[in-house]
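Shown next: my_file_30.cif, given as mmCIF, C-alpha atoms, pLDDT in the B column; chains and numbers go by the auth columns.
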data_entry
loop_
_atom_site.group_PDB
_atom_site.id
_atom_site.type_symbol
_atom_site.label_atom_id
_atom_site.label_comp_id
_atom_site.label_asym_id
_atom_site.label_seq_id
_atom_site.Cartn_x
_atom_site.Cartn_y
_atom_site.Cartn_z
_atom_site.B_iso_or_equiv
_atom_site.auth_seq_id
_atom_site.auth_asym_id
ATOM 1 C CA ALA A 1 -15.036 10.550 -3.692 66.00 1 A
ATOM 2 C CA PHE A 2 -13.040 13.244 -5.468 81.00 2 A
ATOM 3 C CA SER A 3 -14.923 16.218 -4.058 87.00 3 A
ATOM 4 C CA PHE A 4 -12.592 17.044 -1.175 89.00 4 A
ATOM 5 C CA ALA A 5 -9.392 15.208 -2.146 91.00 5 A
ATOM 6 C CA GLU A 6 -7.303 18.364 -1.810 93.00 6 A
ATOM 7 C CA THR A 7 -8.448 18.765 1.796 92.00 7 A
ATOM 8 C CA LEU A 8 -9.321 15.357 3.213 92.00 8 A
ATOM 9 C CA LEU A 9 -7.067 12.870 1.435 91.00 9 A
ATOM 10 C CA THR A 10 -4.019 13.441 3.643 93.00 10 A
ATOM 11 C CA GLN A 11 -3.047 9.904 4.687 92.00 11 A
ATOM 12 C CA PRO A 12 -0.218 8.020 2.946 93.00 12 A
ATOM 13 C CA MET A 13 -1.507 6.500 -0.259 93.00 13 A
ATOM 14 C CA MET A 14 -0.404 4.272 -3.072 94.00 14 A
ATOM 15 C CA LEU A 15 -2.392 4.061 -6.274 93.00 15 A
ATOM 16 C CA VAL A 16 -2.031 1.016 -8.485 92.00 16 A
ATOM 17 C CA PHE A 17 -3.645 0.667 -11.880 89.00 17 A
ATOM 18 C CA GLY A 18 -2.908 -0.638 -15.341 89.00 18 A
ATOM 19 C CA ASP A 19 -2.141 1.549 -18.330 89.00 19 A
ATOM 20 C CA LYS A 20 -4.478 -0.272 -20.744 87.00 20 A
ATOM 21 C CA PRO A 21 -7.806 1.515 -21.072 78.00 21 A
ATOM 22 C CA GLY A 22 -10.678 -0.266 -19.384 73.00 22 A
ATOM 23 C CA GLY A 23 -14.401 0.097 -19.360 68.00 23 A
ATOM 24 C CA PHE A 24 -14.710 2.835 -16.744 73.00 24 A
ATOM 25 C CA GLY A 25 -11.626 5.066 -16.786 80.00 25 A
ATOM 26 C CA ALA A 26 -9.467 3.694 -13.954 83.00 26 A
ATOM 27 C CA TYR A 27 -6.299 5.139 -15.490 85.00 27 A
ATOM 28 C CA ARG A 28 -7.770 8.609 -15.995 88.00 28 A
ATOM 29 C CA ASP A 29 -9.395 8.659 -12.546 89.00 29 A
ATOM 30 C CA GLY A 30 -6.260 7.321 -10.878 88.00 30 A
ATOM 31 C CA MET A 31 -4.101 10.014 -12.405 90.00 31 A
ATOM 32 C CA GLU A 32 -6.592 12.678 -11.378 92.00 32 A
ATOM 33 C CA ILE A 33 -6.906 11.611 -7.743 92.00 33 A
ATOM 34 C CA TYR A 34 -3.127 11.181 -7.471 93.00 34 A
ATOM 35 C CA GLY A 35 -2.616 14.745 -8.636 93.00 35 A
ATOM 36 C CA ARG A 36 -5.343 16.192 -6.436 94.00 36 A
ATOM 37 C CA ALA A 37 -4.693 14.298 -3.196 94.00 37 A
ATOM 38 C CA ALA A 38 -3.337 16.392 -0.332 94.00 38 A
ATOM 39 C CA SER A 39 -1.159 13.537 0.906 94.00 39 A
ATOM 40 C CA LYS A 40 2.532 14.346 1.253 93.00 40 A
ATOM 41 C CA THR A 41 3.369 10.635 1.078 93.00 41 A
ATOM 42 C CA LYS A 42 1.989 9.159 -2.095 94.00 42 A
ATOM 43 C CA GLU A 43 3.229 6.736 -4.690 94.00 43 A
ATOM 44 C CA LEU A 44 1.947 5.893 -8.116 93.00 44 A
ATOM 45 C CA VAL A 45 2.310 2.444 -9.682 93.00 45 A
ATOM 46 C CA VAL A 46 1.205 2.138 -13.290 92.00 46 A
ATOM 47 C CA VAL A 47 1.430 -1.496 -14.342 93.00 47 A
ATOM 48 C CA GLU A 48 2.347 -1.211 -18.003 92.00 48 A
ATOM 49 C CA GLY A 49 0.662 -3.506 -20.482 92.00 49 A
ATOM 50 C CA TRP A 50 -2.179 -4.501 -18.159 92.00 50 A
ATOM 51 C CA SER A 51 -5.684 -3.254 -17.460 89.00 51 A
ATOM 52 C CA HIS A 52 -7.470 -2.520 -14.205 86.00 52 A
ATOM 53 C CA TYR A 53 -9.299 -5.833 -14.491 87.00 53 A
ATOM 54 C CA ASP A 54 -6.056 -7.809 -14.868 90.00 54 A
ATOM 55 C CA LEU A 55 -5.070 -6.680 -11.374 89.00 55 A
ATOM 56 C CA TYR A 56 -7.888 -8.698 -9.797 89.00 56 A
ATOM 57 C CA ASP A 57 -6.644 -12.216 -10.466 90.00 57 A
ATOM 58 C CA ASN A 58 -3.809 -12.348 -12.977 94.00 58 A
ATOM 59 C CA PRO A 59 -0.601 -13.360 -11.170 95.00 59 A
ATOM 60 C CA VAL A 60 1.780 -11.318 -13.355 96.00 60 A
ATOM 61 C CA PRO A 61 0.362 -7.803 -12.841 94.00 61 A
ATOM 62 C CA THR A 62 -0.725 -8.669 -9.302 94.00 62 A
ATOM 63 C CA GLY A 63 2.868 -9.681 -8.528 95.00 63 A
ATOM 64 C CA ILE A 64 4.156 -6.396 -9.946 94.00 64 A
ATOM 65 C CA ALA A 65 1.725 -4.495 -7.728 94.00 65 A
ATOM 66 C CA LEU A 66 2.549 -6.532 -4.611 93.00 66 A
ATOM 67 C CA ASN A 67 6.276 -5.951 -5.101 94.00 67 A
ATOM 68 C CA ARG A 68 5.554 -2.268 -4.550 94.00 68 A
ATOM 69 C CA LEU A 69 2.651 -2.530 -2.078 92.00 69 A
ATOM 70 C CA ILE A 70 4.309 -4.796 0.485 90.00 70 A
ATOM 71 C CA PRO A 71 7.290 -2.480 1.159 92.00 71 A
ATOM 72 C CA PHE A 72 4.931 0.522 1.222 93.00 72 A
ATOM 73 C CA PHE A 73 2.765 -1.101 3.897 90.00 73 A
ATOM 74 C CA LYS A 74 5.770 -2.392 5.858 89.00 74 A
ATOM 75 C CA ASP A 75 7.179 1.128 6.038 89.00 75 A
ATOM 76 C CA ARG A 76 3.897 2.576 7.253 87.00 76 A
ATOM 77 C CA LEU A 77 2.355 -0.244 9.306 84.00 77 A
ATOM 78 C CA GLY A 78 5.384 -2.202 10.477 81.00 78 A
ATOM 79 C CA GLU A 79 6.519 -5.761 9.867 76.00 79 A
ATOM 80 C CA ALA A 80 4.083 -7.312 12.369 73.00 80 A
ATOM 81 C CA ALA A 81 1.019 -5.972 10.556 66.00 81 A
ATOM 82 C CA ILE A 82 2.189 -7.378 7.220 66.00 82 A
ATOM 83 C CA THR A 83 3.042 -10.753 8.749 66.00 83 A
ATOM 84 C CA ARG A 84 -0.458 -11.095 10.223 62.00 84 A
ATOM 85 C CA VAL A 85 -2.058 -10.327 6.850 59.00 85 A
ATOM 86 C CA ALA A 86 0.144 -12.855 5.027 56.00 86 A
ATOM 87 C CA GLU A 87 -0.854 -15.645 7.419 57.00 87 A
#
Whole structure, structure tokens version:
Amino acid sequence: AFSFAETLLTQPMMLVFGDKPGGFGAYRDGMEIYGRAASKTKELVVVEGWSHYDLYDNPVPTGIALNRLIPFFKDRLGEAAITRVAE
């Protein structure tokens, strides 16, 4: 997936991951792809004190991520797209 990030990964992107080390390097890989991506519109959200796995079903870190993701998607997809997903 990283092979052509500098060329092909041009769409707006937001990366969300925890800062606690996990079993497979989500933090390290996230930082790498963020730095290498060709996208001009990219945001990085590091959820401090939580791991990658906590973002699956723990309401606290998931809420932190959603507080950043929802505005990001609204700006890029429009209000109607977000409303349909929330229903």
Inset, instruction - Name all residues at most 10 Å from Ala5 in chain A (count all atoms listed in the file; drop same-chain ones fewer than 4 positions away) and give them as a VMD selection string. - result: chain A and resid 1 9 to 10 32 to 39
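Checking A:Leu15, A:Leu8, A:Leu66, A:Ala26 one by one against Tyr53 in chain A, counting only C-alpha atoms, you find the shortest gap at A:Ala26.
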Picked residues, the PyMOL selection byres ((chain A and resi 14) around 10), expected as a PDB file with C-alpha atoms, in the coordinates of the input:
ATOM      1  CA  GLN A  11      -3.047   9.904   4.687  1.00 92.00           C
ATOM      2  CA  PRO A  12      -0.218   8.020   2.946  1.00 93.00           C
ATOM      3  CA  MET A  13      -1.507   6.500  -0.259  1.00 93.00           C
ATOM      4  CA  LEU A  15      -2.392   4.061  -6.274  1.00 93.00           C
ATOM      5  CA  VAL A  16      -2.031   1.016  -8.485  1.00 92.00           C
ATOM      6  CA  TYR A  34      -3.127  11.181  -7.471  1.00 93.00           C
ATOM      7  CA  THR A  41       3.369  10.635   1.078  1.00 93.00           C
ATOM      8  CA  LYS A  42       1.989   9.159  -2.095  1.00 94.00           C
ATOM      9  CA  GLU A  43       3.229   6.736  -4.690  1.00 94.00           C
ATOM     10  CA  LEU A  44       1.947   5.893  -8.116  1.00 93.00           C
ATOM     11  CA  VAL A  45       2.310   2.444  -9.682  1.00 93.00           C
ATOM     12  CA  ARG A  68       5.554  -2.268  -4.550  1.00 94.00           C
ATOM     13  CA  LEU A  69       2.651  -2.530  -2.078  1.00 92.00           C
ATOM     14  CA  PHE A  72       4.931   0.522   1.222  1.00 93.00           C
ATOM     15  CA  PHE A  73       2.765  -1.101   3.897  1.00 90.00           C
TER      16      PHE A  73
END
Inset, instruction - Considering all atoms listed in the file, state which residue in the set A:Glu79, A:Gly18, A:Phe24, A:Gly30 is at the smallest distance from Ala65 in chain A. - result: A:Gly18
Legend entry - Å distance separating CA of His52 in chain A from CA of Phe2 in chain A, one decimal place: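 For CA of His52 in chain A relative to CA of Phe2 in chain A, the distance reads 18.9 Å.
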Put the listed atoms of range 8-22 of chain A in a box along x, y and z with 8 Å added on every side and give me the centre and edge lengths in Å to one decimal, as lines of an AutoDock Vina configuration file.
center_x = -5.4
center_y = 7.4
center_z = -8.2
size_x = 26.5
size_y = 32.0
size_z = 41.8
Legend entry - Between CA of Val47 in chain A and CA of Asn67 in chain A, distance in Å (one decimal): 11.3 Å
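The closest residue to Pro61 in chain A, picked from A:Lys40, A:Asp29, A:Glu48, A:Lys74 and counting all atoms listed in the file, is A:Glu48.
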